[in-house]
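Student: Hey, dropping coords37.txt in here, compact mmCIF, C-alpha atoms:
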```txt
# COMPACT_ATOMS: atom_id res chain seq x y z
CA MET S 104 -4.02 -0.13 16.68
CA THR S 105 -3.57 -3.64 18.04
CA ASP S 106 -3.75 -5.42 21.37
CA GLY S 107 -2.19 -8.69 20.11
CA THR S 108 -4.08 -10.74 22.71
CA GLY S 109 -6.48 -12.68 20.50
CA ARG S 110 -9.32 -11.04 22.44
CA ALA S 111 -12.10 -9.21 20.65
CA THR S 112 -12.77 -5.63 21.71
CA VAL S 113 -15.91 -3.76 20.74
CA LEU S 114 -15.56 -0.01 20.25
CA THR S 115 -18.86 1.59 21.20
CA GLY S 116 -20.16 5.10 21.72
CA ILE S 117 -19.17 6.10 18.19
CA ARG S 118 -21.44 8.96 17.24
CA GLU S 119 -20.25 8.90 13.61
CA LEU S 120 -18.08 6.29 11.92
CA VAL S 121 -16.40 7.03 8.59
CA THR S 122 -15.76 3.70 6.86
CA ASN S 123 -14.80 4.77 3.28
CA ASP S 124 -16.98 1.79 2.34
CA PRO S 125 -20.16 2.87 0.49
CA ALA S 126 -21.68 -0.55 1.20
CA GLN S 127 -21.72 0.35 4.90
CA GLY S 128 -23.52 3.67 4.46
CA ASP S 129 -27.07 4.74 3.74
CA LEU S 130 -27.75 4.52 0.01
CA HIS S 131 -30.28 7.35 0.40
CA ALA S 132 -27.81 9.70 2.10
CA ASP S 133 -26.28 12.74 0.42
CA ALA S 134 -23.21 12.44 -1.81
CA GLY S 135 -20.72 13.24 0.93
CA ASP S 136 -22.14 10.67 3.33
CA ARG S 137 -22.18 8.03 0.60
CA LEU S 138 -18.56 8.81 -0.34
CA LEU S 139 -17.48 8.29 3.27
CA GLY S 140 -19.76 5.32 3.99
CA LEU S 141 -21.03 6.97 7.16
CA VAL S 142 -22.56 4.89 9.94
CA ARG S 143 -24.07 6.82 12.82
CA ASP S 144 -24.34 5.46 16.37
CA ALA S 145 -21.90 2.77 15.30
CA ALA S 146 -19.70 0.07 16.76
CA VAL S 147 -16.55 -1.69 15.55
CA VAL S 148 -15.21 -5.04 16.75
CA VAL S 149 -11.42 -5.42 16.62
CA ARG S 150 -9.38 -8.58 17.12
CA ASP S 151 -5.58 -8.75 16.81
CA GLY S 152 -5.39 -5.46 14.98
CA LEU S 153 -8.00 -6.35 12.38
CA VAL S 154 -11.58 -5.17 12.01
CA GLU S 155 -13.90 -8.11 12.64
CA TRP S 156 -17.32 -6.42 12.50
CA VAL S 157 -18.76 -2.99 11.64
CA GLY S 158 -22.30 -1.70 11.97
CA PRO S 159 -24.94 -0.03 14.12
CA ALA S 160 -24.14 -0.28 17.83
CA ALA S 161 -27.56 -1.80 18.51
CA HIS S 162 -26.55 -4.87 16.50
CA ALA S 163 -22.97 -5.28 17.78
CA PRO S 164 -21.99 -8.86 18.68
CA ALA S 165 -20.61 -9.81 22.06
CA ALA S 166 -16.90 -9.27 22.63
CA ASP S 167 -14.30 -9.94 25.32
CA GLY S 168 -13.78 -6.26 26.06
CA ARG S 169 -15.47 -2.94 25.56
CA HIS S 170 -14.05 0.52 24.86
CA ASP S 171 -16.54 3.37 25.03
CA LEU S 172 -15.69 6.43 22.92
CA ALA S 173 -18.39 8.54 24.54
CA GLY S 174 -20.00 10.04 21.46
CA ARG S 175 -16.85 10.82 19.51
CA ALA S 176 -16.37 10.34 15.77
CA VAL S 177 -14.03 7.69 14.38
CA VAL S 178 -12.38 7.96 10.97
CA PRO S 179 -9.83 5.85 9.08
CA GLY S 180 -6.32 6.79 10.16
CA PHE S 181 -4.87 9.49 7.92
CA VAL S 182 -2.44 8.36 5.23
CA ASP S 183 0.35 10.89 4.77
CA SER S 184 1.60 9.78 1.37
CA HIS S 185 4.24 12.50 0.82
CA THR S 186 6.80 13.36 3.50
CA HIS S 187 10.52 14.02 3.87
CA LEU S 188 10.99 13.15 7.55
CA VAL S 189 14.67 12.18 7.61
CA PHE S 190 16.48 15.49 7.89
CA ALA S 191 18.47 17.64 10.28
CA GLY S 192 18.84 21.38 10.55
CA ASP S 193 16.55 24.40 10.61
CA ARG S 194 15.27 26.64 7.82
CA SER S 195 12.95 28.90 9.78
CA ALA S 196 14.85 31.97 8.55
CA GLU S 197 14.03 30.92 4.99
CA PHE S 198 10.36 30.73 5.92
CA ALA S 199 10.49 34.19 7.46
CA ALA S 200 12.12 35.56 4.30
CA ARG S 201 9.35 34.11 2.14
CA MET S 202 6.77 35.83 4.29
CA THR S 203 8.37 39.13 3.21
CA GLY S 204 8.20 38.23 -0.47
CA GLN S 205 11.25 36.06 -1.26
CA THR S 206 10.30 33.37 -3.78
CA TYR S 207 11.03 29.66 -3.46
CA ASP S 208 13.09 27.94 -6.15
CA GLY S 209 14.46 24.83 -4.43
CA GLY S 210 17.82 26.33 -3.57
CA GLY S 211 17.35 25.99 0.17
CA ILE S 212 17.39 22.19 -0.10
CA ALA S 213 21.19 22.40 -0.11
CA VAL S 214 21.08 23.73 3.46
CA SER S 215 19.18 20.64 4.61
CA VAL S 216 21.53 18.38 2.66
CA ALA S 217 24.55 19.77 4.49
CA ALA S 218 22.92 19.44 7.92
CA THR S 219 21.63 15.93 7.25
CA ARG S 220 24.96 14.67 5.98
CA ALA S 221 26.61 16.00 9.14
CA ALA S 222 24.12 14.38 11.55
CA SER S 223 24.73 10.99 13.12
CA ASP S 224 22.41 8.02 12.69
CA ASP S 225 21.25 8.34 16.29
CA GLU S 226 20.50 12.04 15.87
CA LEU S 227 18.45 11.41 12.73
CA ARG S 228 16.71 8.42 14.30
CA ALA S 229 15.58 10.52 17.26
CA LEU S 230 14.34 13.30 14.99
CA VAL S 231 12.34 10.86 12.85
CA ALA S 232 10.82 9.16 15.89
CA ALA S 233 9.69 12.51 17.28
CA ARG S 234 8.10 13.50 13.97
CA VAL S 235 6.26 10.19 13.62
CA GLY S 236 5.02 10.53 17.19
CA GLU S 237 3.78 14.02 16.39
CA MET S 238 1.92 12.63 13.38
CA ARG S 239 0.23 9.84 15.36
CA ALA S 240 -0.87 12.40 17.95
CA GLN S 241 -2.76 14.10 15.10
CA GLY S 242 -4.38 10.96 13.65
CA THR S 243 -1.87 9.77 11.05
CA THR S 244 -1.38 6.01 11.10
CA THR S 245 0.42 5.46 7.76
CA VAL S 246 3.29 7.51 6.40
CA GLU S 247 5.46 7.48 3.29
CA ILE S 248 9.02 8.81 3.69
CA LYS S 249 11.25 10.06 0.88
CA THR S 250 15.00 10.47 0.83
CA GLY S 251 16.52 13.52 -0.84
CA TYR S 252 18.66 15.18 1.82
CA GLY S 253 21.68 12.92 1.37
CA LEU S 254 22.34 12.98 -2.39
CA THR S 255 25.27 10.58 -2.16
CA VAL S 256 24.95 6.82 -2.47
CA ASP S 257 25.87 6.23 1.18
CA ASP S 258 23.68 9.03 2.56
CA GLU S 259 20.64 8.07 0.49
CA LEU S 260 20.98 4.45 1.62
CA ARG S 261 21.34 5.61 5.22
CA THR S 262 18.17 7.66 4.88
CA LEU S 263 16.24 4.68 3.49
CA ARG S 264 17.41 2.39 6.30
CA LEU S 265 16.35 4.91 8.95
CA ALA S 266 13.02 5.47 7.23
CA ARG S 267 12.34 1.74 7.05
CA GLU S 268 12.65 1.53 10.83
CA VAL S 269 9.32 3.38 11.05
CA THR S 270 7.51 2.60 7.77
CA PRO S 271 7.60 0.14 4.87
CA HIS S 272 6.56 2.95 2.50
CA THR S 273 9.88 4.40 1.44
CA THR S 274 10.84 6.34 -1.67
CA LEU S 275 14.22 6.99 -3.27
CA LEU S 276 14.38 10.70 -4.12
CA GLY S 277 18.03 10.88 -5.05
CA ALA S 278 16.82 13.14 -7.86
CA HIS S 279 15.62 15.84 -5.46
CA VAL S 280 18.05 18.49 -6.65
CA VAL S 281 21.49 18.44 -8.23
CA PRO S 282 23.95 18.69 -5.31
CA ARG S 283 26.49 21.49 -5.31
CA GLU S 284 29.41 19.20 -6.07
CA PHE S 285 27.74 18.27 -9.39
CA ALA S 286 26.52 21.75 -10.31
CA HIS S 287 28.77 21.84 -13.39
CA ASP S 288 28.11 18.25 -14.47
CA ARG S 289 24.41 17.51 -14.15
CA GLY S 290 24.64 14.52 -16.45
CA ALA S 291 27.15 12.85 -14.14
CA TYR S 292 24.73 13.20 -11.23
CA VAL S 293 21.83 11.72 -13.22
CA ASP S 294 24.18 8.84 -14.09
CA LEU S 295 24.97 8.38 -10.39
CA VAL S 296 21.29 8.27 -9.42
CA THR S 297 20.29 5.88 -12.20
CA GLY S 298 23.41 3.72 -11.84
CA PRO S 299 25.26 3.14 -8.55
CA MET S 300 22.59 4.70 -6.31
CA LEU S 301 19.67 2.76 -7.76
CA ASP S 302 21.73 -0.44 -7.95
CA ALA S 303 22.56 -0.15 -4.24
CA VAL S 304 18.90 0.33 -3.32
CA VAL S 305 17.79 -2.88 -5.04
CA ALA S 306 20.95 -4.94 -4.40
CA GLY S 307 21.16 -8.04 -2.24
CA GLY S 308 18.46 -10.28 -3.67
CA GLY S 309 15.92 -9.38 -0.96
CA PRO S 310 13.30 -6.65 -0.91
CA ALA S 311 14.55 -3.30 -2.14
CA LEU S 312 15.14 -0.60 0.45
CA ALA S 313 12.64 1.59 -1.44
CA GLU S 314 9.16 0.85 -2.77
CA ASN S 315 9.24 3.83 -5.12
CA VAL S 316 11.49 6.14 -7.06
CA ASP S 317 10.69 9.85 -7.30
CA VAL S 318 12.07 12.91 -9.08
CA PHE S 319 11.64 16.66 -8.69
CA CYS S 320 10.67 17.46 -12.28
CA GLU S 321 10.68 21.25 -12.35
CA PRO S 322 12.40 22.98 -15.27
CA ALA S 323 11.45 26.34 -13.66
CA SER S 324 14.07 25.60 -10.97
CA ALA S 325 17.76 25.65 -11.80
CA HIS S 326 18.29 23.12 -9.02
CA ALA S 327 15.75 20.46 -10.06
CA PHE S 328 15.39 18.29 -13.17
CA ASP S 329 13.95 18.87 -16.61
CA GLY S 330 11.62 16.52 -18.45
CA ASP S 331 14.35 14.50 -20.18
CA GLU S 332 16.34 14.06 -16.97
CA ALA S 333 13.20 13.08 -15.07
CA ARG S 334 12.27 10.52 -17.72
CA THR S 335 15.72 8.96 -17.45
CA VAL S 336 15.37 8.63 -13.67
CA LEU S 337 11.85 7.23 -13.78
CA GLU S 338 12.51 4.73 -16.53
CA ALA S 339 15.59 3.47 -14.69
CA GLY S 340 13.55 3.08 -11.51
CA ARG S 341 10.84 1.20 -13.37
CA ARG S 342 13.39 -1.18 -14.88
CA ALA S 343 14.68 -1.82 -11.36
CA GLY S 344 11.16 -2.84 -10.26
CA LEU S 345 10.22 0.27 -8.28
CA ALA S 346 6.89 2.06 -8.48
CA LEU S 347 6.98 5.64 -9.75
CA ARG S 348 6.14 8.94 -8.05
CA VAL S 349 6.75 12.45 -9.39
CA HIS S 350 7.09 15.96 -7.97
CA GLY S 351 5.50 17.95 -10.79
CA ASN S 352 4.15 21.36 -11.76
CA GLN S 353 4.88 22.99 -8.41
CA LEU S 354 6.53 26.23 -9.53
CA ALA S 355 5.17 26.62 -13.06
CA PRO S 356 3.52 24.61 -15.84
CA GLY S 357 5.89 21.89 -16.96
CA PRO S 358 6.24 18.30 -18.15
CA GLY S 359 5.89 16.55 -14.77
CA VAL S 360 2.18 15.73 -14.82
CA ALA S 361 2.15 14.53 -18.43
CA LEU S 362 5.25 12.42 -17.81
CA ALA S 363 3.77 10.84 -14.69
CA CYS S 364 0.57 9.93 -16.50
CA GLU S 365 2.42 8.59 -19.54
CA LEU S 366 4.67 6.33 -17.45
CA GLY S 367 1.92 5.12 -15.11
CA ALA S 368 3.22 6.73 -11.92
CA ARG S 369 1.24 6.00 -8.78
CA SER S 370 1.14 9.67 -7.94
CA VAL S 371 2.13 13.08 -9.24
CA ASP S 372 2.44 15.53 -6.39
CA HIS S 373 1.94 19.30 -6.09
CA CYS S 374 -0.04 19.90 -9.34
CA THR S 375 -0.18 23.62 -8.57
CA PHE S 376 0.10 24.90 -12.15
CA LEU S 377 -1.92 22.79 -14.58
CA THR S 378 -2.88 23.28 -18.21
CA ASP S 379 -6.07 21.85 -19.68
CA ALA S 380 -3.92 19.15 -21.27
CA ASP S 381 -2.52 18.22 -17.83
CA VAL S 382 -6.03 17.83 -16.44
CA ASP S 383 -7.03 15.74 -19.44
CA ALA S 384 -3.98 13.52 -18.88
CA LEU S 385 -4.92 13.01 -15.22
CA VAL S 386 -8.49 12.13 -16.20
CA GLY S 387 -7.15 9.60 -18.68
CA ALA S 388 -4.87 8.11 -16.01
CA ARG S 389 -7.64 7.74 -13.42
CA GLY S 390 -7.28 4.49 -11.56
CA THR S 391 -3.52 4.52 -12.09
CA THR S 392 -2.15 7.98 -11.30
CA VAL S 393 -3.34 10.03 -8.35
CA ALA S 394 -2.94 13.81 -8.16
CA THR S 395 -1.61 14.45 -4.65
CA LEU S 396 -2.17 18.02 -3.53
CA LEU S 397 0.00 19.56 -0.82
CA PRO S 398 -1.68 22.78 0.33
CA GLY S 399 0.62 23.17 3.31
CA VAL S 400 3.32 24.06 0.79
CA GLU S 401 1.27 26.87 -0.69
CA PHE S 402 0.51 28.13 2.82
CA SER S 403 4.23 28.09 3.68
CA THR S 404 5.47 29.63 0.41
CA ARG S 405 2.70 32.17 -0.26
CA SER S 406 1.99 30.50 -3.58
CA PRO S 407 -1.33 29.99 -5.36
CA TYR S 408 -3.25 26.95 -4.15
CA PRO S 409 -4.02 24.06 -6.52
CA ASP S 410 -7.58 24.02 -7.82
CA GLY S 411 -8.91 20.91 -6.14
CA ARG S 412 -12.48 21.64 -7.25
CA ARG S 413 -11.44 21.74 -10.89
CA LEU S 414 -9.70 18.37 -10.62
CA ILE S 415 -12.50 16.60 -8.75
CA ASP S 416 -15.17 17.94 -11.08
CA ALA S 417 -13.11 16.69 -14.04
CA GLY S 418 -12.99 13.20 -12.54
CA VAL S 419 -9.37 13.15 -11.31
CA ASP S 420 -8.36 10.99 -8.34
CA VAL S 421 -7.21 13.56 -5.74
CA ALA S 422 -5.20 12.79 -2.60
CA LEU S 423 -3.94 15.07 0.16
CA ALA S 424 -0.65 14.91 2.08
CA THR S 425 1.50 17.20 4.22
CA ASP S 426 4.85 17.21 2.37
CA CYS S 427 6.33 17.59 5.86
CA ASN S 428 9.85 18.90 5.20
CA PRO S 429 12.19 21.54 6.63
CA GLY S 430 11.89 24.10 3.85
CA THR S 431 8.45 24.45 2.30
CA CYS S 432 6.07 22.90 4.85
CA TYR S 433 7.31 22.00 8.30
CA SER S 434 3.89 20.77 9.38
CA SER S 435 2.99 17.19 10.24
CA SER S 436 -0.72 17.89 10.58
CA MET S 437 -3.12 16.16 8.23
CA PRO S 438 -6.10 17.92 9.90
CA PHE S 439 -4.46 21.23 8.96
CA VAL S 440 -4.13 20.02 5.37
CA ILE S 441 -7.79 18.99 5.32
CA ALA S 442 -8.84 22.42 6.61
CA LEU S 443 -6.75 24.14 3.92
CA ALA S 444 -8.24 21.93 1.22
CA VAL S 445 -11.74 22.92 2.30
CA ARG S 446 -11.01 26.61 2.83
CA GLU S 447 -8.65 27.28 -0.10
CA MET S 448 -9.10 24.57 -2.74
CA GLY S 449 -12.86 24.23 -3.07
CA MET S 450 -13.12 20.70 -1.66
CA THR S 451 -15.99 19.63 0.57
CA PRO S 452 -15.17 18.25 4.04
CA ALA S 453 -16.13 14.77 2.85
CA GLU S 454 -13.94 15.01 -0.27
CA ALA S 455 -10.99 16.27 1.76
CA LEU S 456 -11.23 13.47 4.32
CA HIS S 457 -11.63 10.86 1.59
CA ALA S 458 -8.57 12.32 -0.18
CA ALA S 459 -6.53 12.18 3.04
CA THR S 460 -7.42 8.55 3.69
CA ALA S 461 -8.78 6.38 0.86
CA VAL S 462 -7.16 8.08 -2.13
CA ALA S 463 -3.84 8.74 -0.40
CA ALA S 464 -3.78 5.05 0.54
CA ARG S 465 -4.48 4.07 -3.06
CA SER S 466 -1.41 6.01 -4.15
CA LEU S 467 0.63 3.68 -1.91
CA GLY S 468 -1.09 0.54 -3.16
CA LEU S 469 -3.21 0.27 0.02
CA ASP S 470 -6.91 -0.04 0.82
CA ARG S 471 -7.97 2.25 3.67
CA ARG S 472 -11.51 1.22 4.66
CA VAL S 473 -13.08 0.29 7.97
CA ALA S 474 -14.44 -3.10 6.97
CA PRO S 475 -14.11 -6.72 8.12
CA GLY S 476 -10.63 -8.09 7.44
CA MET S 477 -9.04 -4.65 7.13
CA PRO S 478 -6.31 -3.38 9.49
CA ALA S 479 -7.85 -1.43 12.36
CA GLU S 480 -5.96 1.74 11.53
CA LEU S 481 -8.29 4.26 13.11
CA ALA S 482 -8.28 7.82 14.38
CA VAL S 483 -10.64 9.24 16.97
CA LEU S 484 -11.90 12.82 16.92
CA ASP S 485 -12.69 14.71 20.07
CA ALA S 486 -15.83 15.83 18.24
CA PRO S 487 -19.09 14.22 17.08
CA SER S 488 -18.50 14.54 13.31
CA HIS S 489 -15.76 14.58 10.67
CA LEU S 490 -16.95 18.10 9.80
CA HIS S 491 -15.01 19.36 12.81
CA LEU S 492 -11.69 18.62 11.09
CA ALA S 493 -12.19 21.73 8.96
CA TYR S 494 -14.62 23.53 11.28
CA ARG S 495 -12.14 23.55 14.20
CA ALA S 496 -8.99 24.30 12.20
CA GLY S 497 -5.85 24.33 14.29
CA VAL S 498 -7.43 22.56 17.28
CA PRO S 499 -5.84 19.17 18.14
CA ILE S 500 -9.01 17.06 18.03
CA ALA S 501 -7.62 14.03 16.13
CA SER S 502 -5.36 11.26 17.39
CA ALA S 503 -4.49 7.70 16.37
CA LEU S 504 -6.65 5.28 18.33
CA SER S 505 -4.97 2.70 20.55
CA LEU S 506 -6.80 0.09 22.55
CA PRO S 507 -6.12 0.01 26.31
CA GLY S 508 -4.02 -2.75 27.81
```
Please express the file's structure as structure tokens.
Tutor:
Amino acid sequence: MTDGTGRATVLTGIRELVTNDPAQGDLHADAGDRLLGLVRDAAVVVRDGLVEWVGPAAHAPAADGRHDLAGRAVVPGFVDSHTHLVFAGDRSAEFAARMTGQTYDGGGIAVSVAATRAASDDELRALVAARVGEMRAQGTTTVEIKTGYGLTVDDELRTLRLAREVTPHTTLLGAHVVPREFAHDRGAYVDLVTGPMLDAVVAGGGPALAENVDVFCEPASAHAFDGDEARTVLEAGRRAGLALRVHGNQLAPGPGVALACELGARSVDHCTFLTDADVDALVGARGTTVATLLPGVEFSTRSPYPDGRRLIDAGVDVALATDCNPGTCYSSSMPFVIALAVREMGMTPAEALHAATAVAARSLGLDRRVAPGMPAELAVLDAPSHLHLAYRAGVPIASALSLPG
């Protein structure tokens, strides 16, 4: 949200402001309010896209302009820290089959790979723009985008370039699955990802096309990568200067979570099937490795939901994201994810919102608070409280906030 004019605009009529800044809230409030740094009957002053002042509306300083939100709630813009937005094709038939009992094992990714390779840059660009627009209409202001539907050097680079047109938060997921042309020589594909593909991503002397490297570490799938292969990919990415992310423990217990914690990954995502040792590893990695839960996937695959309550009670940093992708969760809605986290994973509304903003941002190396000097990345709710995100599940009450004129 920015007007770029140098003028200060005061946002008033905010019935409830979520700041994610405990210093802004009432120290005597309950745990959820303190976590969110709630300010009621609040105002925010914004200048050139940055927050200049936050506090009770009665104490708001003068500003050049005024924007009255008429009793609505304002929250930090959602941070969708796990998406796969650059793809073509349709896998709705696969979804329908899963609803009748077919299990998911990663094999359908090949369908998206074929369609994405065949699509033109302009076709993919239009698809990505539409998906990002859909996200903003639901309150998402920051998005991470992974590759993984190209699986050749040229197609993965193309995906990164298209992704970087809409976000700086890009991730090389060349190790999504082993493509069909390498089915009988997995080692050669790992060599391609860790050699020519990674070299091309960081080549040129300027900033790399990707911030992160990721791998689908899932020995339970014949299409994904085992622990040794995943370690090879992650260590190569780390040597190249990229931050680490991991798809882990989605289909069954496995080495993904432990590997992510050992190597200092920013995030390990899915975390559906966890042993006590996995939880202990995540507790030990607190402050470094976030457990990003993706309940839209469980909704779309009829799988067990991760136990968010268990992780939070243990002291694990928990984030939420959509995993928007064509196969296992074609939803761009962070409010839907928040509602699922509350209904199915034992998280409170405050914990779910904090996970979808502050902790998800932390997994991208960002600080998502509403505080002086911070970017004014805000979402407005057509409701008086953040509680309505879960209370009114499926109703489009959230949108990214833009200043008029």
Student: For region 227-339 of chain S versus region 432-440 of chain S, which residues have an atom no more than 12 Å away, and what is each residue's nearest atom pair and distance in Å rounded to one decimal, using all atoms listed in the file, chain-then-number order, as JSON lines?
Tutor:
```
{"residue": "S:Val231", "atom": "CA", "partner": "S:Ser435", "partner_atom": "CA", "distance": 11.6}
{"residue": "S:Ala233", "atom": "CA", "partner": "S:Ser435", "partner_atom": "CA", "distance": 10.8}
{"residue": "S:Arg234", "atom": "CA", "partner": "S:Ser435", "partner_atom": "CA", "distance": 7.3}
{"residue": "S:Val235", "atom": "CA", "partner": "S:Ser435", "partner_atom": "CA", "distance": 8.4}
{"residue": "S:Gly236", "atom": "CA", "partner": "S:Ser435", "partner_atom": "CA", "distance": 9.8}
{"residue": "S:Glu237", "atom": "CA", "partner": "S:Ser435", "partner_atom": "CA", "distance": 7.0}
{"residue": "S:Met238", "atom": "CA", "partner": "S:Ser435", "partner_atom": "CA", "distance": 5.6}
{"residue": "S:Arg239", "atom": "CA", "partner": "S:Ser435", "partner_atom": "CA", "distance": 9.4}
{"residue": "S:Ala240", "atom": "CA", "partner": "S:Ser436", "partner_atom": "CA", "distance": 9.2}
{"residue": "S:Gln241", "atom": "CA", "partner": "S:Ser436", "partner_atom": "CA", "distance": 6.2}
{"residue": "S:Gly242", "atom": "CA", "partner": "S:Met437", "partner_atom": "CA", "distance": 7.6}
{"residue": "S:Thr243", "atom": "CA", "partner": "S:Met437", "partner_atom": "CA", "distance": 7.1}
{"residue": "S:Thr244", "atom": "CA", "partner": "S:Met437", "partner_atom": "CA", "distance": 10.7}
{"residue": "S:Thr245", "atom": "CA", "partner": "S:Met437", "partner_atom": "CA", "distance": 11.3}
{"residue": "S:Val246", "atom": "CA", "partner": "S:Ser435", "partner_atom": "CA", "distance": 10.4}
```
Student: Looking at all atoms listed in the file, which of S:Ala343, S:Val498, S:Ala361, S:Ala218 is the one that sits closest to Cys374 (chain S)?
Tutor: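 Selected residue with least distance to Cys374 (chain S): S:Ala361.
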Student: One decimal, Å: what's the distance from CA of Val304 (chain S) over to CA of Arg228 (chain S), could you say?
Tutor: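 Those two atoms sit 19.5 Å apart.
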Student: How far is it from CA of Asp193 (chain S) to CA of Leu230 (chain S), in Å with one decimal?
Tutor: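 Distance reported for this atom pair: 12.1 Å.
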Student: Nearest to Thr297 (chain S) among S:Gly174, S:Gly340, S:Gly351, S:Gly116, with distances taken over only C-alpha atoms: which residue is it?
Tutor: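 For Thr297 (chain S), the nearest of the candidates is S:Gly340.
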Student: Name all residues at most 6 Å from region 469-481 of chain S (count all atoms listed in the file; drop same-chain ones fewer than 3 positions away) and give them as a PyMOL selection string.
Tutor: chain S and resi 104+122-124+152-156+178-180+461+464-465+504
Student: Write the residues you've just listed into a file as a PDB file, keeping the file's coordinate frame, and include C-alpha atoms for each of them.
Tutor:
```pdb
ATOM      1  CA  MET S 104      -4.020  -0.130  16.680  1.00  0.00           C
ATOM      2  CA  THR S 122     -15.760   3.700   6.860  1.00  0.00           C
ATOM      3  CA  ASN S 123     -14.800   4.770   3.280  1.00  0.00           C
ATOM      4  CA  ASP S 124     -16.980   1.790   2.340  1.00  0.00           C
ATOM      5  CA  GLY S 152      -5.390  -5.460  14.980  1.00  0.00           C
ATOM      6  CA  LEU S 153      -8.000  -6.350  12.380  1.00  0.00           C
ATOM      7  CA  VAL S 154     -11.580  -5.170  12.010  1.00  0.00           C
ATOM      8  CA  GLU S 155     -13.900  -8.110  12.640  1.00  0.00           C
ATOM      9  CA  TRP S 156     -17.320  -6.420  12.500  1.00  0.00           C
ATOM     10  CA  VAL S 178     -12.380   7.960  10.970  1.00  0.00           C
ATOM     11  CA  PRO S 179      -9.830   5.850   9.080  1.00  0.00           C
ATOM     12  CA  GLY S 180      -6.320   6.790  10.160  1.00  0.00           C
ATOM     13  CA  ALA S 461      -8.780   6.380   0.860  1.00  0.00           C
ATOM     14  CA  ALA S 464      -3.780   5.050   0.540  1.00  0.00           C
ATOM     15  CA  ARG S 465      -4.480   4.070  -3.060  1.00  0.00           C
ATOM     16  CA  LEU S 504      -6.650   5.280  18.330  1.00  0.00           C
TER      17      LEU S 504
END
```
Student: Given all atoms listed in the file as the basis, pick out the residue of S:Ala217, S:Leu414, S:Ala286, S:Ala503 nearest to Phe190 (chain S).
Tutor: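 For Phe190 (chain S), the nearest of the candidates is S:Ala217.
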Student: Considering only C-alpha atoms, return as a ChimeraX atom specification whatever protein or nucleic-acid residues lie within 10 Å of Glu338 (chain S), sequence-local ones (same chain, fewer than 6 positions apart) excluded.
Tutor: /S:297,316,344-345,347,366
Student: Using C-alpha atoms, can you write the selected residues to a file as a PDB file, in the coordinates of the input?
Tutor:
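The resulting again.pdb:
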```
ATOM      1  CA  THR S 297      20.290   5.880 -12.200  1.00  0.00           C
ATOM      2  CA  VAL S 316      11.490   6.140  -7.060  1.00  0.00           C
ATOM      3  CA  GLY S 344      11.160  -2.840 -10.260  1.00  0.00           C
ATOM      4  CA  LEU S 345      10.220   0.270  -8.280  1.00  0.00           C
ATOM      5  CA  LEU S 347       6.980   5.640  -9.750  1.00  0.00           C
ATOM      6  CA  LEU S 366       4.670   6.330 -17.450  1.00  0.00           C
TER       7      LEU S 366
END
```
Student: Mind listing whatever residues come within 10 Å of the point (-8.7, 21.5, 17.6)? Use only C-alpha atoms, file coordinates, and give them as a PDB file with C-alpha atoms, in the coordinates of the input.
Tutor:
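Saved the output as result.pdb:
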```
ATOM      1  CA  GLN S 241      -2.760  14.100  15.100  1.00  0.00           C
ATOM      2  CA  PRO S 438      -6.100  17.920   9.900  1.00  0.00           C
ATOM      3  CA  PHE S 439      -4.460  21.230   8.960  1.00  0.00           C
ATOM      4  CA  LEU S 484     -11.900  12.820  16.920  1.00  0.00           C
ATOM      5  CA  ASP S 485     -12.690  14.710  20.070  1.00  0.00           C
ATOM      6  CA  ALA S 486     -15.830  15.830  18.240  1.00  0.00           C
ATOM      7  CA  HIS S 491     -15.010  19.360  12.810  1.00  0.00           C
ATOM      8  CA  LEU S 492     -11.690  18.620  11.090  1.00  0.00           C
ATOM      9  CA  ALA S 493     -12.190  21.730   8.960  1.00  0.00           C
ATOM     10  CA  TYR S 494     -14.620  23.530  11.280  1.00  0.00           C
ATOM     11  CA  ARG S 495     -12.140  23.550  14.200  1.00  0.00           C
ATOM     12  CA  ALA S 496      -8.990  24.300  12.200  1.00  0.00           C
ATOM     13  CA  GLY S 497      -5.850  24.330  14.290  1.00  0.00           C
ATOM     14  CA  VAL S 498      -7.430  22.560  17.280  1.00  0.00           C
ATOM     15  CA  PRO S 499      -5.840  19.170  18.140  1.00  0.00           C
ATOM     16  CA  ILE S 500      -9.010  17.060  18.030  1.00  0.00           C
ATOM     17  CA  ALA S 501      -7.620  14.030  16.130  1.00  0.00           C
TER      18      ALA S 501
END
```
Student: Calculated over all atoms listed in the file, which of the candidates S:Gly290, S:Gly390, S:Gly210, S:Gly253 has the smallest distance to Leu275 (chain S)?
Tutor: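 Nearest candidate to Leu275 (chain S) out of S:Gly290, S:Gly390, S:Gly210, S:Gly253: S:Gly253.
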